[in-house]
Amino acid sequence: MRYAIVADIHANLAAFTAVLDDIERRGGVEEVWCLGDVVGYGPDPHQCIELLRQYNHICVAGNHDWAAIGKVDTSDFNPDAAAACHWTAQQLSPEDIRYLESLPLVVQRSDFTLVHGSPREPIWEYLLSTDSAKQNFAYFQSQFCLIGHSHVPLVFEYNETGACLFGEFPTDSVLTLAENRLIINPGGIGQPRDGDPRVSYAIYDNEARSITHYRIPYDIGATQSRMTEHGLPRRLVARLSYGA
C-alpha cells in the first residue's frame, strides 16, 4: 500500500489542493500522514482542515495548530507569525477547534514514528543539524521517524557505527528503506523554505520499502492574493515567491 507524507500545509489551500491532485494522478494512496501545522501563515485555515478531514488520514499537532487554539503562547512567535496566528484563530469553526484540540503529539504507524518538530520535543525543536538529530534517535523506538517543522526536505541516517549522517532529499529521488534508522522530513507544502517555492511532499510504498520525494508547482499568486485580501503580513506574502 501507499501513503502520502505531508507536512506544514499552513492554510495554503492552493498548494494543498495541488498536492492532492498530484497524488491522484500518481495512482492515489491508502492514507495521508500529516506531520502537523495544518494552519498558520496562510489564508484558508478552515478550508484546509475541512479538506484534510475528507481523506483517510492521521495527523499530529504542530506549534501553529496549538497556537491557533491557545495551547501555546504566541509570545514565542515572531511578530508576523503571531499576527497570522491571531487572525487564524478568528477563522476557525467550533468543529475546527475540536479537531485541532484532538491532535496527538506523537503517532506510531508500523515502522514509523510521526511528530511535528522532533521526537525529543514534538512541538518546538527544529532538526537541521547532525548533532541534534543524533541525540533525537534515542527518543523514538521505531526504525524510522517522520518530521516536519523546518519546511526543508532532508534525511538523517544513523548507521551501525553510531555515526549520524545528513543528506538532502532531492526532488524525484527514491529513498530505499534498509536496516539503518532514519529521520525523514518531506519538506513543506504551504511555505517551503529551501529556496524552491514549489510544494514538497513524499509517498511511502510499503511493498517497495521506499519513499519518493516530489516537488510540484502551484498557483502561488492565488494564495498571495487571498493573503493580501485578508490583510496578512506582507513579508509572509512575499516569501512564498522565493521559497524562503
# chains A, B, ... in the order shown; residues from 1 in each chain; ligands from 1
$ select_by_dssp --residues "segment 44-244 of chain A" --states "strand (DSSP E or B)" --output "ChimeraX atom specification"
/A:57-59,107-109,112-114,144-146,153-158,164-168,174-176,181-186,199-205,210-216
$ write_last_selection --atoms "N, CA and C atoms" --output "tab-separated table (two decimals), in the first residue's frame"
chain	number	residue	atom	x	y	z
A	57	HIS	N	-6.92	9.72	7.03
A	57	HIS	CA	-5.66	10.34	7.39
A	57	HIS	C	-5.35	10.18	8.88
A	58	ILE	N	-4.10	10.42	9.21
A	58	ILE	CA	-3.67	10.62	10.58
A	58	ILE	C	-2.90	11.93	10.61
A	59	CYS	N	-2.91	12.61	11.76
A	59	CYS	CA	-2.26	13.90	11.84
A	59	CYS	C	-1.76	14.13	13.26
A	107	VAL	N	2.42	9.94	16.90
A	107	VAL	CA	1.65	8.80	16.38
A	107	VAL	C	2.62	7.72	15.94
A	108	GLN	N	2.33	6.48	16.28
A	108	GLN	CA	3.11	5.32	15.83
A	108	GLN	C	2.36	4.64	14.71
A	109	ARG	N	3.03	4.37	13.60
A	109	ARG	CA	2.41	3.67	12.48
A	109	ARG	C	3.44	2.67	11.95
A	112	PHE	N	7.13	3.42	11.74
A	112	PHE	CA	7.31	4.86	11.74
A	112	PHE	C	6.78	5.53	13.01
A	113	THR	N	7.51	6.53	13.45
A	113	THR	CA	7.04	7.47	14.46
A	113	THR	C	6.79	8.80	13.76
A	114	LEU	N	5.63	9.39	13.97
A	114	LEU	CA	5.28	10.67	13.35
A	114	LEU	C	5.24	11.76	14.41
A	144	PHE	N	12.09	4.20	11.86
A	144	PHE	CA	12.05	5.46	11.12
A	144	PHE	C	11.20	6.50	11.85
A	145	CYS	N	11.55	7.74	11.64
A	145	CYS	CA	10.78	8.85	12.20
A	145	CYS	C	10.54	9.88	11.11
A	146	LEU	N	9.31	10.37	11.03
A	146	LEU	CA	8.92	11.40	10.07
A	146	LEU	C	8.69	12.70	10.82
A	153	PRO	N	13.24	19.60	3.00
A	153	PRO	CA	13.33	18.15	2.79
A	153	PRO	C	14.74	17.64	3.06
A	154	LEU	N	14.85	16.69	3.99
A	154	LEU	CA	16.16	16.16	4.35
A	154	LEU	C	16.03	14.79	5.00
A	155	VAL	N	17.18	14.13	5.11
A	155	VAL	CA	17.23	12.79	5.71
A	155	VAL	C	18.44	12.71	6.63
A	156	PHE	N	18.22	12.23	7.85
A	156	PHE	CA	19.30	11.90	8.77
A	156	PHE	C	19.36	10.38	8.90
A	157	GLU	N	20.55	9.84	8.82
A	157	GLU	CA	20.74	8.39	8.89
A	157	GLU	C	21.68	8.03	10.04
A	158	TYR	N	21.24	7.09	10.85
A	158	TYR	CA	22.05	6.60	11.98
A	158	TYR	C	22.51	5.18	11.62
A	164	CYS	N	25.99	9.64	12.71
A	164	CYS	CA	24.78	10.24	12.16
A	164	CYS	C	25.15	11.02	10.91
A	165	LEU	N	24.55	10.65	9.79
A	165	LEU	CA	24.85	11.26	8.50
A	165	LEU	C	23.66	12.12	8.06
A	166	PHE	N	23.96	13.19	7.36
A	166	PHE	CA	22.93	14.12	6.91
A	166	PHE	C	22.94	14.21	5.39
A	167	GLY	N	21.77	14.29	4.79
A	167	GLY	CA	21.69	14.48	3.35
A	167	GLY	C	20.41	15.18	2.96
A	168	GLU	N	20.45	15.92	1.86
A	168	GLU	CA	19.24	16.50	1.32
A	168	GLU	C	18.37	15.38	0.74
A	174	VAL	N	14.36	8.48	-4.91
A	174	VAL	CA	13.72	7.37	-4.22
A	174	VAL	C	14.63	6.93	-3.08
A	175	LEU	N	14.11	7.00	-1.88
A	175	LEU	CA	14.85	6.59	-0.69
A	175	LEU	C	14.46	5.16	-0.35
A	176	THR	N	15.40	4.24	-0.50
A	176	THR	CA	15.15	2.84	-0.18
A	176	THR	C	15.34	2.62	1.32
A	181	ARG	N	18.56	3.25	10.75
A	181	ARG	CA	17.47	4.09	11.23
A	181	ARG	C	17.55	5.45	10.53
A	182	LEU	N	16.37	6.04	10.27
A	182	LEU	CA	16.30	7.29	9.54
A	182	LEU	C	15.33	8.26	10.20
A	183	ILE	N	15.65	9.55	10.12
A	183	ILE	CA	14.71	10.63	10.40
A	183	ILE	C	14.51	11.36	9.08
A	184	ILE	N	13.27	11.48	8.63
A	184	ILE	CA	12.97	11.97	7.29
A	184	ILE	C	12.02	13.16	7.36
A	185	ASN	N	12.37	14.21	6.64
A	185	ASN	CA	11.49	15.37	6.51
A	185	ASN	C	11.09	15.50	5.04
A	186	PRO	N	9.79	15.46	4.73
A	186	PRO	CA	9.35	15.54	3.32
A	186	PRO	C	9.34	16.96	2.76
A	199	VAL	N	5.72	23.19	-3.97
A	199	VAL	CA	5.34	22.38	-2.81
A	199	VAL	C	6.15	21.09	-2.78
A	200	SER	N	6.30	20.57	-1.58
A	200	SER	CA	7.15	19.41	-1.35
A	200	SER	C	6.40	18.37	-0.53
A	201	TYR	N	6.41	17.13	-0.98
A	201	TYR	CA	5.77	16.06	-0.23
A	201	TYR	C	6.39	14.73	-0.65
A	202	ALA	N	5.95	13.63	-0.03
A	202	ALA	CA	6.53	12.32	-0.35
A	202	ALA	C	5.44	11.25	-0.33
A	203	ILE	N	5.73	10.14	-0.98
A	203	ILE	CA	4.85	8.97	-0.96
A	203	ILE	C	5.66	7.76	-0.49
A	204	TYR	N	5.14	7.07	0.51
A	204	TYR	CA	5.75	5.85	1.04
A	204	TYR	C	5.03	4.65	0.44
A	205	ASP	N	5.81	3.75	-0.15
A	205	ASP	CA	5.30	2.49	-0.71
A	205	ASP	C	5.80	1.36	0.19
A	210	SER	N	10.08	1.90	0.07
A	210	SER	CA	10.73	3.10	-0.45
A	210	SER	C	9.86	4.32	-0.20
A	211	ILE	N	10.52	5.49	-0.13
A	211	ILE	CA	9.85	6.78	-0.03
A	211	ILE	C	10.35	7.65	-1.17
A	212	THR	N	9.43	8.20	-1.96
A	212	THR	CA	9.79	9.04	-3.10
A	212	THR	C	9.39	10.48	-2.81
A	213	HIS	N	10.31	11.38	-3.08
A	213	HIS	CA	10.09	12.81	-2.81
A	213	HIS	C	9.67	13.53	-4.09
A	214	TYR	N	8.63	14.34	-4.00
A	214	TYR	CA	8.11	15.06	-5.16
A	214	TYR	C	8.07	16.57	-4.90
A	215	ARG	N	8.30	17.36	-5.95
A	215	ARG	CA	8.08	18.81	-5.94
A	215	ARG	C	7.17	19.14	-7.11
A	216	ILE	N	6.17	19.96	-6.86
A	216	ILE	CA	5.26	20.36	-7.93
A	216	ILE	C	4.93	21.85	-7.80
$ select_by_dssp --residues "segment 106-243 of chain A" --states "helix (DSSP H, G or I)" --output "PyMOL selection string"
chain A and resi 130-139+220-229+234-239
$ closest_residue --among "A:His230, A:His116, A:Lys134, A:Arg239" --to "Trp87 of chain A" --atoms "only C-alpha atoms"
A:His230
$ residues_around --residues "Arg234 of chain A" --least-positions-apart "2" --cutoff "12 Å" --atoms "only C-alpha atoms" --output "list in words"
Tyr41, Gly42, Pro79, Asp80, Ala81, Ala83, Ala84, Gln224, Ser225, Arg226, Met227, Thr228, Glu229, His230, Gly231, Leu232, Leu236, Val237, Ala238, Arg239, Leu240 and Ser241 of chain A
$ write_last_selection --atoms "N, CA and C atoms" --output "short mmCIF file (atom, residue, chain, number, x, y, z; two decimals), in the first residue's frame"
data_model
loop_
_atom_site.label_atom_id
_atom_site.label_comp_id
_atom_site.auth_asym_id
_atom_site.auth_seq_id
_atom_site.Cartn_x
_atom_site.Cartn_y
_atom_site.Cartn_z
N TYR A 41 -0.06 31.07 9.08
CA TYR A 41 0.54 31.79 7.96
C TYR A 41 -0.44 32.06 6.81
N GLY A 42 -1.11 31.03 6.32
CA GLY A 42 -1.88 31.14 5.09
C GLY A 42 -3.32 31.61 5.27
N PRO A 79 6.81 38.43 15.11
CA PRO A 79 5.60 39.26 15.00
C PRO A 79 4.69 38.88 13.84
N ASP A 80 5.26 38.54 12.68
CA ASP A 80 4.43 38.17 11.54
C ASP A 80 3.67 36.87 11.81
N ALA A 81 4.38 35.89 12.35
CA ALA A 81 3.73 34.61 12.66
C ALA A 81 2.65 34.78 13.71
N ALA A 83 0.90 37.54 14.33
CA ALA A 83 -0.24 38.23 13.73
C ALA A 83 -1.09 37.28 12.91
N ALA A 84 -0.44 36.42 12.13
CA ALA A 84 -1.17 35.45 11.33
C ALA A 84 -1.91 34.46 12.21
N GLN A 224 -1.23 34.30 -2.63
CA GLN A 224 -0.78 35.64 -2.25
C GLN A 224 -1.91 36.65 -2.33
N SER A 225 -2.77 36.53 -3.33
CA SER A 225 -3.90 37.44 -3.46
C SER A 225 -4.85 37.31 -2.27
N ARG A 226 -5.10 36.08 -1.87
CA ARG A 226 -6.00 35.87 -0.74
C ARG A 226 -5.37 36.36 0.57
N MET A 227 -4.08 36.18 0.72
CA MET A 227 -3.40 36.69 1.92
C MET A 227 -3.48 38.22 1.97
N THR A 228 -3.27 38.85 0.84
CA THR A 228 -3.35 40.30 0.78
C THR A 228 -4.76 40.78 1.06
N GLU A 229 -5.73 40.08 0.51
CA GLU A 229 -7.14 40.42 0.73
C GLU A 229 -7.50 40.40 2.21
N HIS A 230 -6.90 39.45 2.94
CA HIS A 230 -7.21 39.30 4.36
C HIS A 230 -6.29 40.13 5.26
N GLY A 231 -5.38 40.87 4.66
CA GLY A 231 -4.51 41.73 5.45
C GLY A 231 -3.43 41.00 6.21
N LEU A 232 -3.03 39.83 5.74
CA LEU A 232 -1.95 39.11 6.40
C LEU A 232 -0.61 39.80 6.11
N LEU A 236 5.06 37.64 4.84
CA LEU A 236 4.57 36.28 4.64
C LEU A 236 4.09 36.08 3.22
N VAL A 237 3.50 37.10 2.65
CA VAL A 237 3.04 37.03 1.26
C VAL A 237 4.24 36.90 0.32
N ALA A 238 5.23 37.75 0.51
CA ALA A 238 6.38 37.81 -0.40
C ALA A 238 7.21 36.54 -0.38
N ARG A 239 7.38 35.93 0.80
CA ARG A 239 8.32 34.81 0.91
C ARG A 239 7.86 33.58 0.10
N LEU A 240 6.56 33.49 -0.19
CA LEU A 240 6.09 32.36 -0.98
C LEU A 240 6.70 32.33 -2.38
N SER A 241 7.02 33.49 -2.91
CA SER A 241 7.59 33.57 -4.26
C SER A 241 9.00 33.01 -4.33
#
$ closest_residue --among "A:Ser118, A:Asn206, A:Ser132, A:Asn56" --to "Met1 of chain A" --atoms "only C-alpha atoms"
A:Asn206
$ residues_around --residues "segment 29-40 of chain A" --least-positions-apart "3" --cutoff "7 Å" --atoms "only C-alpha atoms" --output "number ranges by chain"
A: 1-11, 45, 48-49, 56-65, 84-85, 88, 114-116, 147-148
$ write_last_selection --atoms "C-alpha atoms" --output "compact mmCIF listing (two decimals), in the first residue's frame"
# COMPACT_ATOMS: atom_id res chain seq x y z
CA MET A 1 0.00 0.00 0.00
CA ARG A 2 0.97 3.63 -0.49
CA TYR A 3 0.83 6.52 1.95
CA ALA A 4 1.19 10.26 1.32
CA ILE A 5 3.54 12.07 3.71
CA VAL A 6 2.69 15.77 4.01
CA ALA A 7 3.80 18.50 6.40
CA ASP A 8 3.25 22.18 7.11
CA ILE A 9 0.18 22.82 4.96
CA HIS A 10 -0.09 26.18 6.71
CA ALA A 11 -3.57 27.09 5.47
CA PRO A 45 -7.26 27.55 7.67
CA CYS A 48 -7.57 23.18 4.71
CA ILE A 49 -8.81 21.44 7.85
CA ASN A 56 -8.47 8.82 5.37
CA HIS A 57 -5.66 10.34 7.39
CA ILE A 58 -3.67 10.62 10.58
CA CYS A 59 -2.26 13.90 11.84
CA VAL A 60 -0.07 15.12 14.69
CA ALA A 61 -0.18 18.56 16.31
CA GLY A 62 2.14 21.35 15.20
CA ASN A 63 3.07 24.52 17.04
CA HIS A 64 0.81 26.66 14.83
CA ASP A 65 -2.09 24.25 15.33
CA ALA A 84 -1.17 35.45 11.33
CA CYS A 85 -1.92 33.14 14.25
CA THR A 88 -6.25 32.30 12.10
CA LEU A 114 5.28 10.67 13.35
CA VAL A 115 5.95 14.01 15.04
CA HIS A 116 5.96 17.65 14.02
CA ILE A 147 9.19 15.09 10.96
CA GLY A 148 8.16 18.50 9.63
$ atom_distance --atom1 "atom CA of Asp76 of chain A" --atom2 "atom CA of Leu128 of chain A"
19.3 Å
$ residues_around --residues "Arg193 of chain A" --least-positions-apart "5" --cutoff "10 Å" --atoms "only C-alpha atoms" --output "PyMOL selection string"
chain A and resi 150-153+187-188+198+239-240+242-244
$ write_last_selection --atoms "N, CA and C atoms" --output "tab-separated table (two decimals), in the first residue's frame"
chain	number	residue	atom	x	y	z
A	150	SER	N	10.63	22.32	9.93
A	150	SER	CA	11.66	23.16	9.32
A	150	SER	C	11.32	23.55	7.89
A	151	HIS	N	10.37	22.85	7.27
A	151	HIS	CA	9.96	23.10	5.89
A	151	HIS	C	11.09	22.80	4.90
A	152	VAL	N	12.02	21.96	5.28
A	152	VAL	CA	13.17	21.62	4.43
A	152	VAL	C	13.23	20.10	4.25
A	153	PRO	N	13.24	19.60	3.00
A	153	PRO	CA	13.33	18.15	2.79
A	153	PRO	C	14.74	17.64	3.06
A	187	GLY	N	9.67	17.96	3.60
A	187	GLY	CA	9.57	19.36	3.16
A	187	GLY	C	8.18	19.91	3.41
A	188	GLY	N	8.02	21.20	3.15
A	188	GLY	CA	6.76	21.87	3.45
A	188	GLY	C	5.86	22.05	2.24
A	198	ARG	N	8.20	25.61	-4.97
A	198	ARG	CA	7.25	24.53	-5.27
A	198	ARG	C	6.93	23.74	-4.00
A	239	ARG	N	7.38	35.93	0.80
A	239	ARG	CA	8.32	34.81	0.91
A	239	ARG	C	7.86	33.58	0.10
A	240	LEU	N	6.56	33.49	-0.19
A	240	LEU	CA	6.09	32.36	-0.98
A	240	LEU	C	6.70	32.33	-2.38
A	242	TYR	N	9.68	32.98	-3.19
A	242	TYR	CA	11.10	32.62	-3.18
A	242	TYR	C	11.41	31.33	-2.45
A	243	GLY	N	10.40	30.76	-1.80
A	243	GLY	CA	10.65	29.55	-1.04
A	243	GLY	C	11.62	29.80	0.10
A	244	ALA	N	11.45	30.94	0.76
A	244	ALA	CA	12.40	31.33	1.81
A	244	ALA	C	11.71	31.44	3.18
$ closest_residue --among "A:Arg235, A:Arg209, A:Arg120, A:Lys71" --to "Leu103 of chain A" --atoms "only C-alpha atoms"
A:Lys71
$ atom_distance --atom1 "atom CA of Gly117 of chain A" --atom2 "atom CA of Asp73 of chain A"
16.7 Å
$ residues_around --residues "Leu51 of chain A" --least-positions-apart "6" --cutoff "9 Å" --atoms "only C-alpha atoms" --output "ChimeraX atom specification"
/A:13,16-17
$ write_last_selection --atoms "N, CA and C atoms" --output "tab-separated table (two decimals), in the first residue's frame"
chain	number	residue	atom	x	y	z
A	13	LEU	N	-4.42	26.65	0.75
A	13	LEU	CA	-5.35	25.74	0.07
A	13	LEU	C	-4.91	25.43	-1.35
A	16	PHE	N	-2.12	22.87	-1.11
A	16	PHE	CA	-2.61	21.58	-0.63
A	16	PHE	C	-3.43	20.88	-1.70
A	17	THR	N	-4.28	21.62	-2.38
A	17	THR	CA	-5.08	21.05	-3.46
A	17	THR	C	-4.19	20.52	-4.58
$ decode --residues "segment 94-216 of chain A" --atoms "C-alpha atoms" --output "mmCIF file, in the first residue's frame"
data_model
loop_
_atom_site.group_PDB
_atom_site.id
_atom_site.type_symbol
_atom_site.label_atom_id
_atom_site.label_comp_id
_atom_site.auth_asym_id
_atom_site.auth_seq_id
_atom_site.Cartn_x
_atom_site.Cartn_y
_atom_site.Cartn_z
ATOM 1 C CA PRO A 94 -16.019 25.185 16.746
ATOM 2 C CA GLU A 95 -15.546 21.904 14.885
ATOM 3 C CA ASP A 96 -12.133 23.051 13.599
ATOM 4 C CA ILE A 97 -11.108 23.861 17.162
ATOM 5 C CA ARG A 98 -12.228 20.458 18.430
ATOM 6 C CA TYR A 99 -10.278 18.793 15.639
ATOM 7 C CA LEU A 100 -7.062 20.683 16.429
ATOM 8 C CA GLU A 101 -7.530 20.002 20.141
ATOM 9 C CA SER A 102 -7.777 16.272 19.399
ATOM 10 C CA LEU A 103 -4.442 16.019 17.571
ATOM 11 C CA PRO A 104 -1.815 13.928 19.400
ATOM 12 C CA LEU A 105 1.817 14.942 19.729
ATOM 13 C CA VAL A 106 3.117 11.567 18.543
ATOM 14 C CA VAL A 107 1.653 8.801 16.385
ATOM 15 C CA GLN A 108 3.111 5.321 15.834
ATOM 16 C CA ARG A 109 2.413 3.671 12.476
ATOM 17 C CA SER A 110 4.140 0.346 11.797
ATOM 18 C CA ASP A 111 7.888 1.099 11.496
ATOM 19 C CA PHE A 112 7.308 4.863 11.736
ATOM 20 C CA THR A 113 7.040 7.466 14.458
ATOM 21 C CA LEU A 114 5.283 10.668 13.347
ATOM 22 C CA VAL A 115 5.950 14.006 15.044
ATOM 23 C CA HIS A 116 5.960 17.648 14.021
ATOM 24 C CA GLY A 117 9.221 19.039 15.368
ATOM 25 C CA SER A 118 11.333 16.218 16.793
ATOM 26 C CA PRO A 119 10.909 13.051 18.868
ATOM 27 C CA ARG A 120 12.528 14.836 21.805
ATOM 28 C CA GLU A 121 10.385 17.973 21.540
ATOM 29 C CA PRO A 122 7.431 17.323 19.222
ATOM 30 C CA ILE A 123 6.149 20.886 19.098
ATOM 31 C CA TRP A 124 9.169 23.185 19.019
ATOM 32 C CA GLU A 125 12.511 21.618 18.082
ATOM 33 C CA TYR A 126 13.918 22.169 14.586
ATOM 34 C CA LEU A 127 16.080 19.280 13.359
ATOM 35 C CA LEU A 128 18.606 20.811 10.985
ATOM 36 C CA SER A 129 21.958 19.518 12.273
ATOM 37 C CA THR A 130 23.542 16.097 12.685
ATOM 38 C CA ASP A 131 24.314 16.812 16.363
ATOM 39 C CA SER A 132 20.683 17.412 17.324
ATOM 40 C CA ALA A 133 19.468 14.600 15.085
ATOM 41 C CA LYS A 134 21.881 12.087 16.631
ATOM 42 C CA GLN A 135 20.574 12.926 20.101
ATOM 43 C CA ASN A 136 16.995 12.502 18.902
ATOM 44 C CA PHE A 137 17.472 8.908 17.768
ATOM 45 C CA ALA A 138 17.353 7.962 21.451
ATOM 46 C CA TYR A 139 13.844 9.407 21.769
ATOM 47 C CA PHE A 140 11.947 7.008 19.497
ATOM 48 C CA GLN A 141 11.878 3.225 19.284
ATOM 49 C CA SER A 142 10.746 2.639 15.712
ATOM 50 C CA GLN A 143 13.167 2.262 12.832
ATOM 51 C CA PHE A 144 12.047 5.457 11.117
ATOM 52 C CA CYS A 145 10.785 8.850 12.203
ATOM 53 C CA LEU A 146 8.921 11.402 10.072
ATOM 54 C CA ILE A 147 9.189 15.091 10.964
ATOM 55 C CA GLY A 148 8.163 18.498 9.635
ATOM 56 C CA HIS A 149 8.517 21.984 11.148
ATOM 57 C CA SER A 150 11.664 23.156 9.318
ATOM 58 C CA HIS A 151 9.960 23.098 5.886
ATOM 59 C CA VAL A 152 13.173 21.622 4.434
ATOM 60 C CA PRO A 153 13.327 18.154 2.789
ATOM 61 C CA LEU A 154 16.163 16.164 4.354
ATOM 62 C CA VAL A 155 17.231 12.795 5.707
ATOM 63 C CA PHE A 156 19.304 11.900 8.773
ATOM 64 C CA GLU A 157 20.743 8.388 8.889
ATOM 65 C CA TYR A 158 22.045 6.597 11.975
ATOM 66 C CA ASN A 159 24.300 3.715 10.950
ATOM 67 C CA GLU A 160 25.731 0.663 12.677
ATOM 68 C CA THR A 161 28.905 2.527 13.716
ATOM 69 C CA GLY A 162 26.904 5.078 15.689
ATOM 70 C CA ALA A 163 27.544 7.857 13.193
ATOM 71 C CA CYS A 164 24.777 10.241 12.155
ATOM 72 C CA LEU A 165 24.846 11.264 8.501
ATOM 73 C CA PHE A 166 22.930 14.122 6.907
ATOM 74 C CA GLY A 167 21.688 14.475 3.350
ATOM 75 C CA GLU A 168 19.244 16.496 1.316
ATOM 76 C CA PHE A 169 16.171 14.747 -0.074
ATOM 77 C CA PRO A 170 16.379 15.627 -3.792
ATOM 78 C CA THR A 171 13.293 16.009 -5.957
ATOM 79 C CA ASP A 172 12.099 12.764 -7.587
ATOM 80 C CA SER A 173 14.676 10.757 -5.635
ATOM 81 C CA VAL A 174 13.720 7.367 -4.222
ATOM 82 C CA LEU A 175 14.854 6.592 -0.693
ATOM 83 C CA THR A 176 15.146 2.837 -0.178
ATOM 84 C CA LEU A 177 14.404 1.792 3.389
ATOM 85 C CA ALA A 178 17.022 -0.685 4.605
ATOM 86 C CA GLU A 179 18.491 -1.548 8.008
ATOM 87 C CA ASN A 180 19.734 1.842 9.171
ATOM 88 C CA ARG A 181 17.474 4.092 11.226
ATOM 89 C CA LEU A 182 16.300 7.292 9.538
ATOM 90 C CA ILE A 183 14.711 10.627 10.399
ATOM 91 C CA ILE A 184 12.975 11.971 7.287
ATOM 92 C CA ASN A 185 11.488 15.372 6.511
ATOM 93 C CA PRO A 186 9.353 15.544 3.322
ATOM 94 C CA GLY A 187 9.574 19.356 3.165
ATOM 95 C CA GLY A 188 6.762 21.867 3.452
ATOM 96 C CA ILE A 189 3.583 22.262 1.437
ATOM 97 C CA GLY A 190 2.318 25.691 2.398
ATOM 98 C CA GLN A 191 5.551 27.620 2.894
ATOM 99 C CA PRO A 192 8.730 25.948 1.514
ATOM 100 C CA ARG A 193 11.969 27.326 2.976
ATOM 101 C CA ASP A 194 14.751 25.712 0.970
ATOM 102 C CA GLY A 195 14.870 28.213 -1.878
ATOM 103 C CA ASP A 196 12.393 26.300 -4.044
ATOM 104 C CA PRO A 197 8.835 27.715 -3.935
ATOM 105 C CA ARG A 198 7.250 24.535 -5.266
ATOM 106 C CA VAL A 199 5.337 22.380 -2.813
ATOM 107 C CA SER A 200 7.153 19.407 -1.353
ATOM 108 C CA TYR A 201 5.768 16.056 -0.226
ATOM 109 C CA ALA A 202 6.526 12.318 -0.347
ATOM 110 C CA ILE A 203 4.852 8.974 -0.957
ATOM 111 C CA TYR A 204 5.749 5.851 1.039
ATOM 112 C CA ASP A 205 5.298 2.485 -0.706
ATOM 113 C CA ASN A 206 5.367 -0.250 1.928
ATOM 114 C CA GLU A 207 5.682 -3.066 -0.597
ATOM 115 C CA ALA A 208 8.659 -1.491 -2.357
ATOM 116 C CA ARG A 209 10.028 -0.311 1.020
ATOM 117 C CA SER A 210 10.728 3.100 -0.448
ATOM 118 C CA ILE A 211 9.846 6.777 -0.034
ATOM 119 C CA THR A 212 9.792 9.039 -3.096
ATOM 120 C CA HIS A 213 10.086 12.812 -2.811
ATOM 121 C CA TYR A 214 8.108 15.060 -5.162
ATOM 122 C CA ARG A 215 8.083 18.809 -5.944
ATOM 123 C CA ILE A 216 5.262 20.357 -7.931
#
